[in-house]
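Note: the block below is target_38.txt and it holds compact mmCIF, C-alpha atoms.
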```txt
# COMPACT_ATOMS: atom_id res chain seq x y z
CA MET I 1 -66.40 -26.95 14.61
CA GLU I 2 -63.37 -25.96 12.57
CA LEU I 3 -60.11 -27.54 13.65
CA SER I 4 -57.11 -25.32 14.28
CA ASP I 5 -53.84 -25.67 12.37
CA SER I 6 -52.27 -27.32 15.45
CA ASP I 7 -55.08 -29.92 15.61
CA LEU I 8 -54.65 -30.74 11.94
CA ILE I 9 -50.87 -31.02 12.32
CA ALA I 10 -51.35 -33.37 15.27
CA ARG I 11 -53.66 -35.54 13.16
CA VAL I 12 -51.10 -35.71 10.37
CA LEU I 13 -48.33 -36.63 12.79
CA LEU I 14 -50.27 -39.18 14.81
CA LYS I 15 -52.50 -40.79 12.20
CA ASP I 16 -50.69 -39.85 8.99
CA ASP I 17 -54.02 -38.33 7.97
CA HIS I 18 -53.76 -37.13 4.38
CA HIS I 19 -57.16 -35.43 4.57
CA ALA I 20 -55.96 -33.30 7.49
CA PHE I 21 -52.91 -32.31 5.50
CA GLY I 22 -55.16 -31.53 2.53
CA GLU I 23 -57.14 -29.19 4.76
CA LEU I 24 -53.92 -27.43 5.79
CA VAL I 25 -53.00 -27.06 2.12
CA LYS I 26 -56.46 -25.61 1.34
CA ARG I 27 -56.05 -23.04 4.11
CA HIS I 28 -52.60 -21.85 3.14
CA GLN I 29 -52.39 -22.47 -0.61
CA SER I 30 -53.50 -18.99 -1.62
CA ALA I 31 -50.93 -17.25 0.58
CA VAL I 32 -48.07 -19.54 -0.42
CA ARG I 33 -48.91 -19.50 -4.13
CA GLY I 34 -49.42 -15.74 -4.01
CA ALA I 35 -46.04 -15.15 -2.39
CA LEU I 36 -44.32 -17.48 -4.86
CA ARG I 37 -46.02 -15.75 -7.78
CA LYS I 38 -44.52 -12.49 -6.61
CA LEU I 39 -41.11 -14.08 -6.11
CA THR I 40 -41.13 -15.64 -9.58
CA GLY I 41 -42.25 -12.41 -11.21
CA GLY I 42 -45.79 -13.62 -11.95
CA ASP I 43 -44.93 -17.00 -13.48
CA GLU I 44 -48.07 -18.95 -12.54
CA VAL I 45 -46.92 -22.36 -13.76
CA LEU I 46 -43.53 -22.17 -12.08
CA SER I 47 -44.93 -20.73 -8.86
CA ASP I 48 -47.53 -23.51 -8.64
CA GLU I 49 -44.82 -26.14 -9.14
CA LEU I 50 -42.76 -24.51 -6.40
CA ALA I 51 -45.83 -24.31 -4.14
CA GLN I 52 -46.46 -28.02 -4.66
CA GLU I 53 -42.83 -28.76 -3.76
CA THR I 54 -43.21 -26.49 -0.71
CA PHE I 55 -46.17 -28.45 0.65
CA LEU I 56 -44.49 -31.75 -0.09
CA ARG I 57 -41.40 -30.67 1.85
CA ALA I 58 -43.63 -29.38 4.63
CA TYR I 59 -45.31 -32.78 4.86
CA ARG I 60 -41.98 -34.59 4.97
CA SER I 61 -40.52 -32.36 7.67
CA LEU I 62 -43.68 -31.72 9.67
CA ARG I 63 -42.07 -33.42 12.67
CA THR I 64 -39.50 -30.65 12.83
CA TYR I 65 -42.20 -27.95 13.18
CA ARG I 66 -42.03 -26.96 16.83
CA GLY I 67 -44.83 -24.40 16.86
CA ALA I 68 -42.49 -21.58 17.89
CA ALA I 69 -43.60 -19.54 14.87
CA LYS I 70 -46.97 -19.47 13.09
CA PHE I 71 -47.49 -22.39 10.71
CA SER I 72 -47.81 -19.95 7.82
CA THR I 73 -44.45 -18.36 8.72
CA TRP I 74 -42.87 -21.82 8.74
CA LEU I 75 -44.42 -22.51 5.32
CA TYR I 76 -43.10 -19.22 3.93
CA ARG I 77 -39.64 -20.23 5.06
CA ILE I 78 -39.86 -23.53 3.19
CA ALA I 79 -41.32 -21.72 0.16
CA TYR I 80 -38.44 -19.25 0.16
CA ASN I 81 -35.89 -22.09 0.39
CA VAL I 82 -37.61 -23.88 -2.50
CA PHE I 83 -37.59 -20.66 -4.51
CA GLN I 84 -33.89 -20.09 -3.77
CA THR I 85 -33.03 -23.62 -4.89
CA GLN I 86 -34.90 -22.96 -8.13
CA ALA I 87 -33.25 -19.56 -8.53
CA ARG I 88 -29.81 -21.14 -8.16
CA ARG I 89 -30.71 -23.64 -10.87
CA VAL I 90 -32.07 -21.01 -13.28
CA ARG I 91 -30.67 -17.58 -12.59
CA PRO I 92 -33.48 -15.01 -12.24
CA HIS I 93 -31.99 -12.68 -14.84
CA GLU I 94 -32.46 -15.49 -17.37
CA LEU I 95 -36.14 -15.63 -16.43
CA PHE I 96 -36.74 -11.93 -16.21
CA GLU I 97 -34.28 -10.47 -18.70
CA GLU I 98 -36.79 -9.47 -21.36
CA ASP I 99 -38.23 -6.48 -19.54
CA ARG I 100 -36.14 -6.15 -16.43
CA HIS I 101 -35.29 -2.54 -17.12
CA ALA I 102 -38.33 -1.60 -19.15
CA PRO I 103 -38.76 2.14 -18.84
CA ALA I 104 -41.71 3.08 -16.69
CA GLN I 105 -42.23 6.42 -18.37
CA GLN I 106 -43.12 5.17 -21.85
CA PRO I 107 -46.21 6.85 -23.32
CA GLN I 108 -48.03 3.54 -23.74
CA ILE I 109 -47.80 2.90 -20.00
CA GLU I 110 -51.41 4.05 -19.63
CA ALA I 111 -52.55 1.09 -21.67
CA VAL I 112 -50.52 -1.46 -19.73
CA ASP I 113 -52.29 -3.49 -17.11
CA TRP I 114 -51.43 -2.57 -13.52
CA GLN I 115 -50.72 -6.17 -12.59
CA HIS I 116 -48.29 -6.58 -15.44
CA ASP I 117 -46.56 -3.36 -14.51
CA LEU I 118 -46.29 -4.30 -10.85
CA GLU I 119 -44.83 -7.67 -11.80
CA SER I 120 -42.32 -5.95 -14.08
CA ALA I 121 -41.42 -3.60 -11.25
CA LEU I 122 -40.92 -6.51 -8.88
CA ARG I 123 -38.69 -8.22 -11.43
CA GLY I 124 -36.44 -5.19 -11.30
CA LEU I 125 -35.66 -5.94 -7.66
CA THR I 126 -33.05 -8.36 -6.37
CA ASP I 127 -34.26 -11.69 -4.97
CA HIS I 128 -33.77 -10.48 -1.40
CA GLU I 129 -35.56 -7.17 -1.97
CA ARG I 130 -38.47 -8.89 -3.71
CA ALA I 131 -38.76 -11.46 -0.93
CA ALA I 132 -38.69 -8.81 1.81
CA ILE I 133 -41.37 -6.68 0.10
CA THR I 134 -43.56 -9.69 -0.69
CA LEU I 135 -43.43 -11.11 2.83
CA CYS I 136 -43.96 -7.81 4.63
CA TYR I 137 -46.66 -6.28 2.44
CA THR I 138 -48.37 -8.96 0.38
CA SER I 139 -48.13 -11.74 2.98
CA GLY I 140 -48.57 -9.42 5.94
CA LEU I 141 -45.64 -10.67 8.01
CA THR I 142 -43.89 -8.39 10.49
CA GLN I 143 -40.31 -7.45 9.67
CA GLU I 144 -39.11 -9.71 12.50
CA GLU I 145 -41.05 -12.65 11.05
CA ALA I 146 -39.71 -11.87 7.58
CA ALA I 147 -36.16 -11.87 8.99
CA ARG I 148 -36.79 -15.34 10.43
CA VAL I 149 -38.19 -16.60 7.13
CA LEU I 150 -35.30 -15.14 5.13
CA GLN I 151 -32.77 -16.21 7.77
CA CYS I 152 -31.06 -12.85 7.82
CA PRO I 153 -30.67 -10.01 10.35
CA LEU I 154 -33.60 -7.65 10.90
CA GLY I 155 -31.44 -4.72 9.76
CA THR I 156 -30.91 -6.40 6.38
CA VAL I 157 -34.67 -6.83 5.92
CA LYS I 158 -35.23 -3.16 6.75
CA THR I 159 -32.54 -2.06 4.30
CA ASN I 160 -33.93 -4.33 1.57
CA ILE I 161 -37.43 -2.94 2.10
CA LEU I 162 -36.21 0.65 1.92
CA THR I 163 -34.23 0.01 -1.26
CA ALA I 164 -37.07 -1.95 -2.83
CA LYS I 165 -39.62 0.74 -2.04
CA GLU I 166 -37.37 3.38 -3.53
CA LYS I 167 -37.06 1.38 -6.76
CA LEU I 168 -40.79 0.55 -6.87
CA ARG I 169 -41.79 4.15 -6.20
CA ARG I 170 -39.71 5.32 -9.13
CA TYR I 171 -41.04 2.57 -11.40
CA LEU I 172 -44.69 2.84 -10.44
CA LEU I 173 -44.94 6.60 -10.14
CA PRO I 174 -47.16 6.95 -13.24
CA TRP I 175 -49.74 4.76 -11.51
CA LYS I 176 -49.90 6.76 -8.31
CA ASP I 177 -52.95 8.89 -9.08
CA ARG I 178 -54.80 6.12 -10.91
CA ARG I 179 -54.45 3.65 -8.06
CA LEU I 180 -55.51 6.17 -5.45
CA THR I 181 -58.67 7.25 -7.25
CA MET D 182 -39.66 23.93 7.16
CA GLU D 183 -38.67 22.95 3.63
CA GLY D 184 -37.11 19.76 5.01
CA SER D 185 -40.25 18.72 6.83
CA LYS D 186 -42.33 19.34 3.66
CA THR D 187 -40.04 16.98 1.75
CA ASP D 188 -40.35 14.40 4.55
CA MET D 189 -44.15 14.69 4.42
CA SER D 190 -44.31 14.19 0.66
CA GLU D 191 -41.94 11.21 0.93
CA GLN D 192 -44.15 9.82 3.69
CA ASN D 193 -47.24 10.23 1.47
CA GLU D 194 -45.54 8.45 -1.40
CA ASN D 195 -44.53 5.62 0.92
CA ASP D 196 -48.08 5.36 2.26
CA TRP D 197 -49.40 5.18 -1.27
CA LEU D 198 -46.96 2.45 -2.21
CA GLU D 199 -47.58 0.43 0.94
CA GLU D 200 -51.32 0.68 0.37
CA VAL D 201 -51.17 -0.61 -3.19
CA LEU D 202 -48.76 -3.38 -2.24
CA ARG D 203 -51.05 -4.52 0.57
CA GLN D 204 -54.07 -4.43 -1.76
CA ASP D 205 -52.22 -6.58 -4.24
CA ALA D 206 -52.85 -9.90 -2.50
CA PRO D 207 -55.95 -11.37 -4.17
CA TYR D 208 -57.24 -14.74 -2.98
CA ILE D 209 -56.13 -17.49 -5.34
CA PRO D 210 -58.87 -20.14 -5.78
CA ASP D 211 -57.79 -23.67 -4.94
CA ALA D 212 -58.98 -25.11 -8.30
CA GLY D 213 -57.78 -28.63 -7.50
CA PHE D 214 -54.39 -27.54 -6.20
CA SER D 215 -54.73 -29.20 -2.77
CA ALA D 216 -56.02 -32.40 -4.37
CA ARG D 217 -52.92 -32.48 -6.58
CA VAL D 218 -50.66 -31.96 -3.57
CA VAL D 219 -52.40 -34.71 -1.56
CA ALA D 220 -52.07 -37.07 -4.54
CA THR D 221 -48.29 -36.60 -4.53
CA LEU D 222 -47.86 -37.26 -0.80
CA PRO D 223 -45.84 -40.36 0.09
CA GLN D 224 -47.91 -43.47 0.78
CA THR D 225 -49.29 -44.01 4.26
CA ARG D 226 -47.20 -45.69 6.96
CA LYS D 227 -49.32 -48.87 6.88
CA LEU D 228 -48.37 -49.43 3.25
CA ARG D 229 -44.78 -48.52 4.00
CA TRP D 230 -44.70 -51.16 6.73
CA ALA D 231 -46.20 -53.75 4.38
CA ARG D 232 -43.60 -52.95 1.75
CA LEU D 233 -40.82 -53.10 4.33
CA LEU D 234 -42.08 -56.46 5.58
CA ILE D 235 -42.27 -57.93 2.09
CA ILE D 236 -38.81 -56.69 1.09
CA ASN D 237 -37.13 -57.76 4.31
CA GLY D 238 -39.01 -61.08 4.42
CA ALA D 239 -37.94 -61.84 0.86
CA GLY D 240 -34.39 -60.84 1.78
CA VAL D 241 -34.29 -63.17 4.80
CA ILE D 242 -35.80 -66.11 2.86
CA GLY D 243 -33.39 -65.51 -0.03
CA GLY D 244 -30.50 -65.32 2.42
CA LEU D 245 -31.47 -68.60 4.09
CA ILE D 246 -31.78 -70.37 0.75
CA ALA D 247 -28.41 -68.97 -0.34
CA TRP D 248 -26.92 -70.08 2.97
CA TYR D 249 -27.90 -73.71 2.42
CA VAL D 250 -27.10 -73.73 -1.27
CA ALA D 251 -23.91 -71.62 -1.36
CA PRO D 252 -20.63 -73.53 -1.60
CA LEU D 253 -18.81 -70.66 0.14
CA LYS D 254 -20.47 -71.28 3.50
CA GLY D 255 -17.29 -72.64 5.11
CA TRP D 256 -15.21 -69.78 3.76
CA LEU D 257 -17.69 -67.17 5.05
CA ILE D 258 -17.76 -68.70 8.54
CA GLY D 259 -13.96 -68.75 8.54
CA SER D 260 -13.75 -65.08 7.46
CA VAL D 261 -16.20 -63.91 10.10
CA THR D 262 -14.33 -65.90 12.78
CA GLN D 263 -11.07 -64.32 11.59
CA LEU D 264 -12.72 -60.90 11.78
CA LEU D 265 -13.92 -61.50 15.33
CA TYR D 266 -10.51 -62.67 16.54
CA ALA D 267 -8.42 -60.17 14.53
CA ARG D 268 -5.67 -58.64 16.69
CA SER D 269 -4.52 -55.95 14.25
CA LEU D 270 -5.90 -54.17 11.19
CA ALA D 271 -3.69 -56.29 8.96
CA ASP D 272 -5.60 -59.39 10.11
CA VAL D 273 -9.01 -57.95 9.23
CA PRO D 274 -10.45 -59.72 6.17
CA LEU D 275 -11.98 -57.17 3.83
CA VAL D 276 -14.80 -59.21 2.27
CA PRO D 277 -16.84 -59.90 5.44
CA VAL D 278 -16.46 -56.24 6.47
CA VAL D 279 -17.87 -55.11 3.12
CA LEU D 280 -20.68 -57.68 3.40
CA ILE D 281 -21.60 -56.51 6.91
CA VAL D 282 -21.61 -52.85 5.82
CA LEU D 283 -23.77 -53.74 2.80
CA CYS D 284 -26.23 -55.59 5.04
CA LEU D 285 -26.42 -52.82 7.64
CA TRP D 286 -26.61 -49.91 5.18
CA PRO D 287 -30.34 -50.30 4.26
CA PHE D 288 -31.17 -50.81 7.93
CA ALA D 289 -29.35 -47.58 8.86
CA ARG D 290 -31.18 -45.71 6.10
CA TRP D 291 -34.52 -47.07 7.24
CA LEU D 292 -33.71 -46.13 10.84
CA ARG D 293 -33.03 -42.58 9.70
CA THR D 294 -36.54 -42.32 8.26
CA VAL D 295 -38.35 -43.54 11.39
CA VAL D 296 -36.28 -41.76 14.05
CA ASP D 297 -35.91 -37.99 14.15
CA TRP D 298 -32.24 -38.00 15.17
CA ARG D 299 -32.05 -34.21 15.37
CA SER D 300 -34.69 -34.07 18.11
CA VAL D 301 -33.08 -37.06 19.87
CA LEU D 302 -29.73 -35.21 19.87
CA ARG D 303 -31.42 -31.98 20.93
CA GLY D 304 -33.11 -33.84 23.78
CA LEU D 305 -29.82 -35.39 24.88
CA ILE D 306 -28.00 -32.05 24.75
CA GLY D 307 -30.89 -30.37 26.56
CA ARG D 308 -30.74 -32.96 29.36
CA GLN D 309 -27.06 -32.28 29.89
```
Can the structure from this file be put into structure tokens for me?
Amino acid sequence: MELSDSDLIARVLLKDDHHAFGELVKRHQSAVRGALRKLTGGDEVLSDELAQETFLRAYRSLRTYRGAAKFSTWLYRIAYNVFQTQARRVRPHELFEEDRHAPAQQPQIEAVDWQHDLESALRGLTDHERAAITLCYTSGLTQEEAARVLQCPLGTVKTNILTAKEKLRRYLLPWKDRRLT
Amino acid sequence: MEGSKTDMSEQNENDWLEEVLRQDAPYIPDAGFSARVVATLPQTRKLRWARLLIINGAGVIGGLIAWYVAPLKGWLIGSVTQLLYARSLADVPLVPVVLIVLCLWPFARWLRTVVDWRSVLRGLIGRQ
């Protein structure tokens, strides 16, 4: 029988069971690493380092998890805080500058990989817009949950999503027909 | 009529974008990631207790030896007595105060790691 997240958390808290925590990491690593990859503009090495830091912080502050939100939502919140700390240390424009405003309408766009183009498009967003889009669409959180993770009003999340979608739509327009077929 | 057509096309474009964004969440294989995380976790509480016992035990033994060997024993007893019977701040001897703070500081830090003060405070506030 597979143990639930709550059972595993209880084991970690009561018995300091590292295996139980490892199981929690296995369950949520893909979602956390995926979200961080989006937030860091596709930097796999950096996002994995941040994900590792996220799980370490989660382990240290597991006692403060009250179960009011889903465990994954709580993890996303830690991940976003870790990302913000990193972003304050190295400003995102320094990371992303090389192709932040790369024109989407270049003729060679057809030859560019979709993933690369999507990552470039995401880099063109602000941190808050990127986080809102990532949490609501890639991670599948509701806008209310995303607002809790980002610690901002629901209205701000909605505005950020609208602005982000507008920018992405403009950037990714050449891909529309190819992605739909 | 024209307005609703524009709304529809905008809606379609949004649907398209939302669809591709939702599709763009491939599963990332673990590939040793969780093992790496578990390897970096702090040591278990049993080991922490053992370490704490060794450090504090060594500290107490060292303190006792120093107590019997130190020539300043009389002075220290005098200072602490003066501190206990001080009537104003001007009478407080600084050295024993610093020594007491230095001795209690690691204990306070350790206490912070074993007691979740936030939840204790929350519990106290909640009771009131």
For Val261 in chain D, list every protein, DNA or RNA residue within 9 Å, evaluated using all atoms listed in the file, and leave out those in the same chain fewer than 4 positions away; present the list as a PDB file with C-alpha atoms, in the frame of the given file.
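File out25.pdb, as written:
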```pdb
ATOM      1  CA  TRP D 256     -15.210 -69.780   3.760  1.00  0.00           C
ATOM      2  CA  LEU D 257     -17.690 -67.170   5.050  1.00  0.00           C
ATOM      3  CA  LEU D 265     -13.920 -61.500  15.330  1.00  0.00           C
ATOM      4  CA  TYR D 266     -10.510 -62.670  16.540  1.00  0.00           C
ATOM      5  CA  PRO D 274     -10.450 -59.720   6.170  1.00  0.00           C
ATOM      6  CA  PRO D 277     -16.840 -59.900   5.440  1.00  0.00           C
ATOM      7  CA  VAL D 278     -16.460 -56.240   6.470  1.00  0.00           C
TER       8      VAL D 278
END
```
Each residue of chain I with at least one atom at most 8 Å from chain D should appear once, together with its nearest atom pair and the corresponding distance in Å (one decimal); atoms considered: all atoms listed in the file; ordering: chain, then increasing residue number; output as a Markdown table.
```
| residue | atom | partner | partner_atom | distance |
| --- | --- | --- | --- | --- |
| I:Asp16 | CA | D:Thr225 | CA | 6.5 |
| I:His18 | CA | D:Val219 | CA | 6.6 |
| I:His19 | CA | D:Val219 | CA | 7.8 |
| I:Phe21 | CA | D:Val219 | CA | 7.5 |
| I:Gly22 | CA | D:Ser215 | CA | 5.8 |
| I:Glu23 | CA | D:Ser215 | CA | 7.9 |
| I:Val25 | CA | D:Ser215 | CA | 5.6 |
| I:Lys26 | CA | D:Ser215 | CA | 5.7 |
| I:Gln29 | CA | D:Asp211 | CA | 7.0 |
| I:Ser30 | CA | D:Ile209 | CA | 4.8 |
| I:Ala31 | CA | D:Tyr208 | CA | 7.7 |
| I:Arg33 | CA | D:Ile209 | CA | 7.6 |
| I:Gly34 | CA | D:Ala206 | CA | 6.9 |
| I:Gln52 | CA | D:Val218 | CA | 5.9 |
| I:Phe55 | CA | D:Val218 | CA | 7.1 |
| I:Leu56 | CA | D:Leu222 | CA | 6.5 |
| I:Tyr59 | CA | D:Leu222 | CA | 7.7 |
| I:Arg63 | CA | D:Asp297 | CA | 7.8 |
| I:Thr64 | CA | D:Ser300 | CA | 7.9 |
| I:Tyr137 | CA | D:Arg203 | CA | 5.1 |
| I:Thr138 | CA | D:Arg203 | CA | 5.2 |
| I:Ser139 | CA | D:Ala206 | CA | 7.5 |
| I:Gly140 | CA | D:Arg203 | CA | 7.7 |
| I:Lys165 | CA | D:Asn195 | CA | 7.5 |
| I:Leu168 | CA | D:Leu198 | CA | 8.0 |
| I:Arg169 | CA | D:Leu198 | CA | 6.7 |
| I:Lys176 | CA | D:Trp197 | CA | 7.2 |
| I:Arg179 | CA | D:Val201 | CA | 7.3 |
| I:Leu180 | CA | D:Trp197 | CA | 7.5 |
```
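A straight line drawn from CA of His28 in chain I to CA of Val157 in chain I is 23.6 Å long.
One distance worth recording is that between CA of Asp5 in chain I and CA of Arg293 in chain D, which is 26.9 Å.
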To one decimal place in Å, what is the distance between CA of Leu24 in chain I and CA of Leu122 in chain I? 28.7 Å
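Residue nearest Ile236 in chain D, chosen from D:Leu305, D:Val276, D:Pro287, D:Leu270 and counting all atoms listed in the file: D:Pro287.
The residue that comes closest to Ala131 in chain I, out of I:Ala146, I:Ala10, I:Leu154, I:Val32 and on the basis of only C-alpha atoms, is I:Ala146.
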Could you name the residues that touch Leu36 in chain I at 12 Å or less, counting all atoms listed in the file, but leaving out those on the same chain fewer than 6 positions away, as a count of residues only? 36
